[in-house]
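Source file: protein26.txt (compact mmCIF, C-alpha atoms)
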# COMPACT_ATOMS: atom_id res chain seq x y z
CA MET A 9 -161.45 168.72 -58.89
CA GLU A 10 -159.23 165.64 -58.54
CA LEU A 11 -157.21 163.69 -61.09
CA LYS A 12 -159.51 160.69 -60.82
CA GLU A 13 -162.48 162.85 -61.79
CA VAL A 14 -160.58 164.46 -64.68
CA ARG A 15 -159.67 161.05 -66.08
CA SER A 16 -163.22 159.74 -65.70
CA ILE A 17 -164.74 162.70 -67.56
CA ALA A 18 -162.08 162.51 -70.28
CA ARG A 19 -162.71 158.78 -70.75
CA GLU A 20 -166.39 159.48 -71.41
CA LYS A 21 -165.79 162.47 -73.71
CA MET A 22 -163.11 160.71 -75.75
CA LYS A 23 -164.91 157.39 -76.13
CA GLY A 24 -163.89 155.73 -79.38
CA TYR A 25 -160.70 157.80 -79.61
CA CYS A 26 -158.90 157.30 -76.29
CA ARG A 27 -159.55 154.78 -73.54
CA VAL A 28 -157.68 156.84 -70.92
CA CYS A 29 -155.89 153.67 -69.86
CA PRO A 30 -154.49 153.28 -66.32
CA VAL A 31 -151.05 153.34 -67.97
CA CYS A 32 -150.85 155.38 -71.19
CA ASN A 33 -148.42 153.08 -73.00
CA GLY A 34 -149.74 152.77 -76.55
CA VAL A 35 -150.80 149.12 -76.30
CA ALA A 36 -154.58 149.44 -76.56
CA CYS A 37 -154.50 152.16 -79.24
CA ALA A 38 -151.74 150.74 -81.48
CA GLY A 39 -152.29 151.75 -85.10
CA GLU A 40 -155.06 154.23 -84.33
CA VAL A 41 -153.89 157.19 -86.43
CA PRO A 42 -155.93 159.39 -86.83
CA GLY A 43 -156.69 158.97 -83.17
CA MET A 44 -154.42 158.87 -80.14
CA GLY A 45 -152.32 155.82 -80.98
CA GLY A 46 -148.95 155.09 -82.53
CA SER A 47 -148.23 154.35 -86.17
CA LEU A 48 -148.97 150.81 -87.44
CA THR A 49 -147.87 148.37 -84.69
CA GLY A 50 -147.50 151.26 -82.23
CA SER A 51 -143.94 150.13 -81.50
CA ALA A 52 -142.45 153.64 -81.33
CA PHE A 53 -145.13 154.89 -78.92
CA LYS A 54 -144.71 151.81 -76.74
CA ALA A 55 -140.90 152.08 -76.80
CA ASN A 56 -141.06 155.67 -75.53
CA VAL A 57 -142.81 154.46 -72.39
CA GLU A 58 -140.95 151.16 -72.01
CA ASP A 59 -137.45 152.61 -72.30
CA LEU A 60 -138.19 155.45 -69.92
CA SER A 61 -139.36 152.85 -67.39
CA LYS A 62 -135.88 151.28 -67.55
CA VAL A 63 -134.31 154.44 -66.13
CA LYS A 64 -134.11 154.15 -62.33
CA LEU A 65 -133.52 156.88 -59.73
CA ARG A 66 -130.84 156.66 -57.03
CA LEU A 67 -132.41 157.37 -53.64
CA LYS A 68 -130.32 159.73 -51.46
CA THR A 69 -131.43 161.25 -48.16
CA ILE A 70 -128.27 162.53 -46.44
CA HIS A 71 -128.05 166.05 -47.85
CA ASP A 72 -129.44 169.58 -47.48
CA ALA A 73 -131.68 169.74 -50.58
CA LYS A 74 -134.79 170.34 -48.47
CA ASN A 75 -136.53 172.91 -50.67
CA PRO A 76 -135.51 172.43 -54.33
CA ASP A 77 -135.71 175.28 -56.83
CA LEU A 78 -137.53 174.20 -60.01
CA ASP A 79 -137.25 177.52 -61.90
CA PHE A 80 -136.54 177.15 -65.62
CA GLU A 81 -135.27 179.95 -67.87
CA PHE A 82 -136.80 179.72 -71.34
CA PHE A 83 -135.47 182.35 -73.74
CA GLY A 84 -135.79 185.17 -71.23
CA THR A 85 -139.06 183.95 -69.69
CA LYS A 86 -138.92 182.41 -66.22
CA LEU A 87 -141.08 179.31 -65.84
CA ASP A 88 -141.90 177.77 -62.46
CA PHE A 89 -140.79 174.32 -63.63
CA PRO A 90 -139.20 172.77 -66.75
CA ILE A 91 -142.41 171.36 -68.24
CA ILE A 92 -144.12 172.86 -71.31
CA SER A 93 -147.39 171.75 -72.90
CA ALA A 94 -146.67 170.21 -76.29
CA PRO A 95 -148.08 171.48 -79.61
CA VAL A 96 -151.10 169.27 -80.29
CA THR A 97 -154.00 169.91 -82.67
CA GLY A 98 -156.89 167.94 -84.09
CA SER A 99 -159.59 167.86 -81.41
CA VAL A 100 -162.17 166.71 -83.95
CA PHE A 101 -160.29 164.07 -85.98
CA ASN A 102 -157.85 162.84 -83.32
CA MET A 103 -159.73 163.25 -80.03
CA GLY A 104 -163.42 162.85 -80.84
CA GLY A 105 -164.55 166.45 -81.01
CA ALA A 106 -166.22 166.77 -77.60
CA LEU A 107 -164.21 169.99 -77.34
CA THR A 108 -163.96 172.36 -80.26
CA GLU A 109 -160.41 173.19 -81.37
CA ARG A 110 -160.73 176.64 -79.78
CA GLU A 111 -162.01 175.19 -76.48
CA TYR A 112 -159.14 172.73 -76.47
CA ILE A 113 -156.35 175.19 -77.18
CA ASP A 114 -157.79 177.83 -74.82
CA SER A 115 -157.80 175.20 -72.06
CA VAL A 116 -154.19 174.24 -72.75
CA VAL A 117 -152.82 177.76 -73.09
CA ASN A 118 -154.60 179.18 -70.07
CA GLY A 119 -154.18 176.08 -67.92
CA SER A 120 -150.45 176.16 -68.59
CA ILE A 121 -150.14 179.84 -67.75
CA SER A 122 -152.14 179.48 -64.53
CA SER A 123 -149.84 176.69 -63.33
CA GLY A 124 -146.69 178.72 -63.98
CA THR A 125 -145.55 177.52 -67.40
CA ILE A 126 -146.45 177.95 -71.08
CA ALA A 127 -147.88 176.01 -73.99
CA MET A 128 -146.76 175.44 -77.53
CA ILE A 129 -149.50 175.65 -80.14
CA GLY A 130 -149.59 173.45 -83.23
CA ASP A 131 -150.38 173.51 -86.91
CA SER A 132 -152.49 171.08 -88.91
CA ALA A 133 -154.16 170.37 -92.22
CA ASP A 134 -157.05 172.57 -91.09
CA LEU A 135 -155.50 176.02 -91.45
CA THR A 136 -157.90 177.56 -88.92
CA MET A 137 -156.33 175.54 -86.10
CA TYR A 138 -153.05 177.49 -86.28
CA GLU A 139 -155.07 180.72 -86.24
CA ASP A 140 -157.00 179.50 -83.18
CA GLY A 141 -153.71 178.80 -81.44
CA LEU A 142 -152.32 182.23 -82.26
CA SER A 143 -155.51 183.85 -80.96
CA ALA A 144 -155.21 181.91 -77.71
CA LEU A 145 -151.57 182.99 -77.29
CA LYS A 146 -152.49 186.60 -78.05
CA THR A 147 -154.78 186.63 -75.00
CA VAL A 148 -151.75 185.81 -72.80
CA ASN A 149 -149.50 188.42 -74.44
CA GLY A 150 -147.76 185.91 -76.69
CA LYS A 151 -146.44 183.80 -73.83
CA GLY A 152 -146.07 180.60 -75.77
CA VAL A 153 -144.51 179.07 -78.87
CA PRO A 154 -146.14 178.38 -82.26
CA ILE A 155 -144.81 175.21 -83.91
CA ILE A 156 -145.42 174.95 -87.66
CA LYS A 157 -145.67 171.85 -89.86
CA PRO A 158 -142.89 171.31 -92.47
CA ARG A 159 -144.82 172.84 -95.35
CA GLU A 160 -143.26 174.74 -98.26
CA ASN A 161 -140.86 177.37 -96.92
CA LYS A 162 -142.92 180.31 -98.18
CA ASP A 163 -145.91 179.06 -96.20
CA ILE A 164 -143.81 178.45 -93.08
CA ILE A 165 -142.32 181.95 -93.28
CA GLU A 166 -145.81 183.42 -93.60
CA ASN A 167 -146.78 181.60 -90.40
CA ILE A 168 -143.55 182.69 -88.68
CA LYS A 169 -144.51 186.33 -89.38
CA LYS A 170 -147.86 185.70 -87.74
CA ALA A 171 -146.04 184.39 -84.67
CA GLU A 172 -143.91 187.52 -84.61
CA SER A 173 -147.03 189.69 -84.74
CA ILE A 174 -148.25 188.34 -81.39
CA ASN A 175 -144.79 188.63 -79.78
CA SER A 176 -144.41 184.92 -79.15
CA ILE A 177 -141.41 183.80 -77.08
CA ALA A 178 -140.04 181.65 -79.90
CA VAL A 179 -141.17 179.82 -83.02
CA GLY A 180 -140.40 176.45 -84.53
CA VAL A 181 -141.01 173.71 -87.06
CA ASP A 182 -141.80 170.10 -86.20
CA ILE A 183 -139.89 168.39 -88.97
CA ASP A 184 -140.92 165.04 -87.46
CA GLY A 185 -144.36 165.81 -88.92
CA ALA A 186 -142.97 165.17 -92.41
CA GLY A 187 -144.81 161.87 -92.75
CA LEU A 188 -148.04 162.59 -90.92
CA VAL A 189 -150.97 160.55 -92.23
CA THR A 190 -153.47 163.17 -91.04
CA MET A 191 -151.81 165.87 -93.16
CA ALA A 192 -151.72 163.64 -96.23
CA LEU A 193 -155.39 162.73 -95.86
CA LYS A 194 -156.30 166.42 -95.93
CA GLY A 195 -154.21 167.22 -98.99
CA GLN A 196 -151.63 169.33 -97.13
CA PRO A 197 -148.13 168.49 -98.42
CA VAL A 198 -145.37 168.25 -95.83
CA GLY A 199 -141.90 166.76 -96.11
CA PRO A 200 -138.24 166.72 -95.08
CA LYS A 201 -136.11 169.87 -95.22
CA THR A 202 -132.64 170.43 -96.64
CA ILE A 203 -129.96 172.29 -94.69
CA GLU A 204 -130.38 175.26 -97.05
CA GLU A 205 -134.14 175.35 -96.50
CA LEU A 206 -133.68 175.30 -92.72
CA LYS A 207 -131.10 178.07 -92.86
CA GLU A 208 -133.61 180.16 -94.80
CA LEU A 209 -136.21 179.63 -92.08
CA VAL A 210 -133.82 180.47 -89.25
CA SER A 211 -132.64 183.63 -90.98
CA SER A 212 -136.22 184.75 -91.69
CA THR A 213 -136.88 185.67 -88.05
CA LYS A 214 -135.29 187.24 -85.01
CA LEU A 215 -137.27 184.91 -82.74
CA PRO A 216 -135.41 181.92 -81.25
CA PHE A 217 -135.95 179.07 -83.70
CA ILE A 218 -136.82 175.58 -82.42
CA LEU A 219 -136.35 172.41 -84.46
CA LYS A 220 -138.69 169.66 -83.22
CA GLY A 221 -138.14 166.07 -84.27
CA ILE A 222 -134.41 165.53 -83.82
CA MET A 223 -133.56 161.87 -83.17
CA THR A 224 -129.88 161.48 -84.12
CA VAL A 225 -126.57 162.99 -83.05
CA GLU A 226 -125.91 163.91 -86.68
CA GLU A 227 -129.06 166.00 -87.01
CA ALA A 228 -128.60 167.54 -83.54
CA LYS A 229 -125.22 168.84 -84.74
CA LEU A 230 -126.84 170.12 -87.94
CA ALA A 231 -129.40 172.01 -85.84
CA VAL A 232 -126.54 173.77 -84.08
CA GLU A 233 -124.88 174.47 -87.44
CA ILE A 234 -127.94 176.13 -89.00
CA GLY A 235 -128.39 178.42 -85.99
CA ALA A 236 -131.39 176.87 -84.26
CA LYS A 237 -131.62 177.87 -80.60
CA ALA A 238 -133.35 174.70 -79.37
CA ILE A 239 -134.15 171.19 -80.47
CA VAL A 240 -136.89 168.84 -79.35
CA VAL A 241 -135.85 165.21 -79.26
CA SER A 242 -139.10 163.71 -80.54
CA ASN A 243 -140.47 160.90 -82.70
CA HIS A 244 -143.84 162.68 -82.83
CA GLY A 245 -145.28 160.52 -80.10
CA GLY A 246 -144.61 157.41 -82.17
CA ARG A 247 -147.17 158.58 -84.72
CA VAL A 248 -145.06 158.86 -87.89
CA LEU A 249 -142.51 156.00 -88.09
CA ASP A 250 -143.16 152.51 -86.78
CA TYR A 251 -140.23 150.98 -84.85
CA ALA A 252 -138.53 154.36 -84.41
CA GLU A 253 -136.05 154.49 -81.54
CA SER A 254 -137.38 155.80 -78.22
CA THR A 255 -136.77 159.42 -77.32
CA ALA A 256 -135.10 158.45 -74.02
CA LYS A 257 -132.44 156.42 -75.83
CA ALA A 258 -131.92 159.07 -78.51
CA LEU A 259 -131.68 161.80 -75.87
CA SER A 260 -128.95 160.02 -73.94
CA GLU A 261 -126.70 160.10 -77.04
CA ILE A 262 -127.71 163.51 -78.35
CA SER A 263 -127.15 165.25 -75.02
CA LYS A 264 -123.56 163.97 -74.89
CA ALA A 265 -122.91 165.53 -78.29
CA VAL A 266 -124.56 168.97 -78.08
CA LYS A 267 -125.31 169.72 -74.41
CA GLY A 268 -124.42 173.36 -73.79
CA ASP A 269 -124.39 174.24 -77.49
CA ILE A 270 -128.17 174.38 -77.85
CA MET A 271 -131.23 174.07 -75.59
CA ILE A 272 -132.39 170.45 -75.50
CA LEU A 273 -136.07 169.67 -75.00
CA VAL A 274 -137.65 166.23 -75.23
CA ASP A 275 -141.08 164.59 -75.38
CA GLY A 276 -142.44 161.06 -75.62
CA GLY A 277 -143.75 158.73 -72.92
CA ILE A 278 -143.49 161.25 -70.07
CA ARG A 279 -146.33 160.52 -67.67
CA SER A 280 -145.18 161.84 -64.28
CA GLY A 281 -142.83 164.22 -62.55
CA VAL A 282 -140.50 161.29 -61.96
CA ASP A 283 -140.39 160.76 -65.74
CA VAL A 284 -139.53 164.45 -66.10
CA PHE A 285 -136.63 163.92 -63.66
CA LYS A 286 -135.42 160.96 -65.72
CA MET A 287 -135.37 162.99 -68.94
CA LEU A 288 -133.47 165.82 -67.24
CA ALA A 289 -130.96 163.30 -65.90
CA LEU A 290 -130.52 161.93 -69.44
CA GLY A 291 -129.53 165.40 -70.56
CA ALA A 292 -132.66 167.41 -71.38
CA ASP A 293 -133.01 171.02 -70.26
CA GLY A 294 -136.79 170.78 -70.28
CA VAL A 295 -139.64 168.53 -71.44
CA LEU A 296 -142.85 168.73 -73.45
CA ILE A 297 -146.00 166.93 -72.33
CA GLY A 298 -148.62 165.84 -74.87
CA ARG A 299 -151.15 163.09 -74.16
CA PRO A 300 -151.56 163.81 -70.39
CA ILE A 301 -152.37 167.44 -71.26
CA ILE A 302 -155.05 166.26 -73.71
CA ILE A 303 -156.62 164.19 -70.92
CA GLY A 304 -156.53 167.23 -68.65
CA ALA A 305 -158.22 169.45 -71.20
CA PHE A 306 -161.00 166.98 -72.02
CA GLY A 307 -161.48 166.09 -68.37
CA GLY A 308 -161.55 169.57 -66.90
CA TYR A 309 -160.72 172.28 -69.42
CA LYS A 310 -158.24 174.86 -68.02
CA GLU A 311 -158.55 173.46 -64.50
CA GLY A 312 -157.83 169.93 -65.71
CA VAL A 313 -154.69 171.03 -67.56
CA SER A 314 -153.46 172.93 -64.49
CA LEU A 315 -154.13 169.91 -62.30
CA ILE A 316 -152.04 167.64 -64.56
CA LEU A 317 -149.14 170.09 -64.64
CA GLU A 318 -149.20 170.93 -60.94
CA ASN A 319 -149.27 167.24 -60.04
CA MET A 320 -146.20 166.63 -62.22
CA LYS A 321 -144.49 169.61 -60.61
CA LYS A 322 -145.11 168.15 -57.14
CA GLU A 323 -143.77 164.75 -58.22
CA LEU A 324 -140.64 166.36 -59.68
CA TYR A 325 -140.13 168.38 -56.50
CA GLN A 326 -140.40 165.22 -54.38
CA ALA A 327 -138.01 163.33 -56.66
CA MET A 328 -135.47 166.13 -56.33
CA ILE A 329 -135.68 166.00 -52.53
CA LEU A 330 -135.19 162.24 -52.51
CA THR A 331 -132.18 162.37 -54.83
CA GLY A 332 -130.42 165.37 -53.27
CA CYS A 333 -131.00 167.96 -56.02
CA LYS A 334 -131.11 171.59 -54.85
CA ASP A 335 -132.03 172.88 -58.31
CA LEU A 336 -132.29 171.63 -61.88
CA SER A 337 -128.52 171.82 -62.43
CA PHE A 338 -128.04 169.04 -59.87
CA ILE A 339 -130.11 166.59 -61.95
CA ASP A 340 -127.60 164.61 -64.01
CA SER A 341 -126.60 161.07 -64.97
CA SER A 342 -125.16 160.41 -61.50
CA LYS A 343 -128.72 160.42 -60.13
CA ILE A 344 -129.91 157.52 -62.28
CA SER A 345 -129.07 154.01 -63.44
CA ILE A 346 -130.12 152.65 -66.82
CA GLU A 347 -131.24 149.09 -67.52
CA TRP A 348 -130.99 148.96 -71.30
The structure given in the file should be rewritten as C-alpha cells.
Amino acid sequence: MELKEVRSIAREKMKGYCRVCPVCNGVACAGEVPGMGGSLTGSAFKANVEDLSKVKLRLKTIHDAKNPDLDFEFFGTKLDFPIISAPVTGSVFNMGGALTEREYIDSVVNGSISSGTIAMIGDSADLTMYEDGLSALKTVNGKGVPIIKPRENKDIIENIKKAESINSIAVGVDIDGAGLVTMALKGQPVGPKTIEELKELVSSTKLPFILKGIMTVEEAKLAVEIGAKAIVVSNHGGRVLDYAESTAKALSEISKAVKGDIMILVDGGIRSGVDVFKMLALGADGVLIGRPIIIGAFGGYKEGVSLILENMKKELYQAMILTGCKDLSFIDSSKISIEW
C-alpha cells in the first residue's frame, strides 16, 4: 500500500466530511464543525499550518550525524520516534461514519504500536467512545494514554480510575475542549477548570498527568505548579476558538519559560517529518498528530496509520541528517530560522 492509495481511499470514504486536500491547511473546510474543519472562519486551523511554514531549516552537511537516533523516552516507555497519535473521536459525526468508532480507534492504536509508537485515545459526548478506546488500549497492554474531556471532576476521576485499571502509561485532560460545539450539541457539559480543581485531578492518580490545551506562558507555569507531568501546546486543531494564536508561535514562548520543568508536547498543523523537526526545534519534546492519522485510518486501517507514521519518521530522520543532528537533543533553535 502506498500513500497515494491511502489518500484516494480516504477521500472516497470521507466524502462530505473531508476533501483530503493536497495540502491540509483548513481553507476548504473552514467552519465545518462538526466535521474536520476549524471553528467559524477557520483562522486558527489555518494559522497552525501557515506559521509552521514560516519556520525554515538550516541545511548543514559537514558533520558526522550519519545515522541519527530518534528514540524518545515517554514516561518510562521507549518509543522509536517522538511522534504520538493524537486523541481523536467522532468517526460518525466528524468523519462520515465509513468506519465505526471501534474500527477507527483499533486502527489508530494498533497502527501506532506496529510502527514503534503509541496512541492517545479520546473522550466525547458519546460515552461509549471512551470505553472503545480503553478496550483498544487493553489489547496492547495499556500502551497508550487516555485523554478525558473537561467534565465535572467526579466524572473525570471516574474515567481516570478506568485508565488506571488497564495500566495506561499516563492519563490526561484536554482542557482546550472546554468550548467544543460537538459536546454542547450532545448535552454533555464541559468547561474551564480552576487551579484547585486541577490539583484535585492530579492528586487523584499516581499516573503521570497530562494537561492538553496550554497556549500561554502563564498557564504553562500553572501546569508545573499543580504537578502535571506534561503539557500539550494545543488549540484543539483550531476547532474551539476562532483567531486563536498558532501552536508554533505559542510553543516558541512556552518552551523558553518551562523547558526542563515539564514534558512539552505540541500538536496543530504538523503534516510531515520536517514539521516534526520544526516543532522540536521550537522547544517541544514530542508531537501529536491528528488529521493525517485520520486519513491513514480511513484510507488503510492499521496499515494506513502505520504508513503515515513511518513516512513521517523517515522524513524526520532525513531532516536530522541534513541539519547535523545525531539525536533528538541536537534539534534546537540553532537549526532553524523563523520568518514571523
For this session: Around the point (-141.8, 173.4, -62.1) in the file's coordinates, collect all residues with an atom within 9 Å, using all atoms listed in the file, and return them as a PyMOL selection string.
Result: chain A and resi 77-80+87-91+123-125+317-318+320-322+324-325
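Distance annotation: of A:Gly119, A:Gly50, A:Gly43, A:Gly332, the residue with the minimal separation from A:Ser99 is A:Gly43; atom set is only C-alpha atoms.
Proximity to A:Ala52 was assessed for A:Asp269, A:Asp250, A:Glu111, A:Glu172 counting all atoms listed in the file; the smallest distance is recorded for A:Asp250.
Nearest residue to A:Tyr25 among A:Val148, A:Ile303, A:Met9, A:Val313 is A:Ile303, counting only C-alpha atoms.
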Problem set entry | Spatial neighbours of stretch 56-65 of chain A, max dist 7 Å, only C-alpha atoms, sep filter under 3 positions, as a list of chain:residue names | A:Asn33, A:Ala52, A:Phe53, A:Ser254, A:Thr255, A:Ala256, A:Gly276, A:Gly277, A:Lys286, A:Lys343, A:Ile344, A:Ser345, A:Ile346, A:Glu347, A:Trp348
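Taking atom CA of A:Leu330 and atom CA of A:Thr69 as the two end points, the separation is 5.8 Å.
Counting only C-alpha atoms and comparing A:Leu249, A:Leu135, A:Ala238, A:Ile156, the residue that lies closest to A:Lys194 is A:Leu135.
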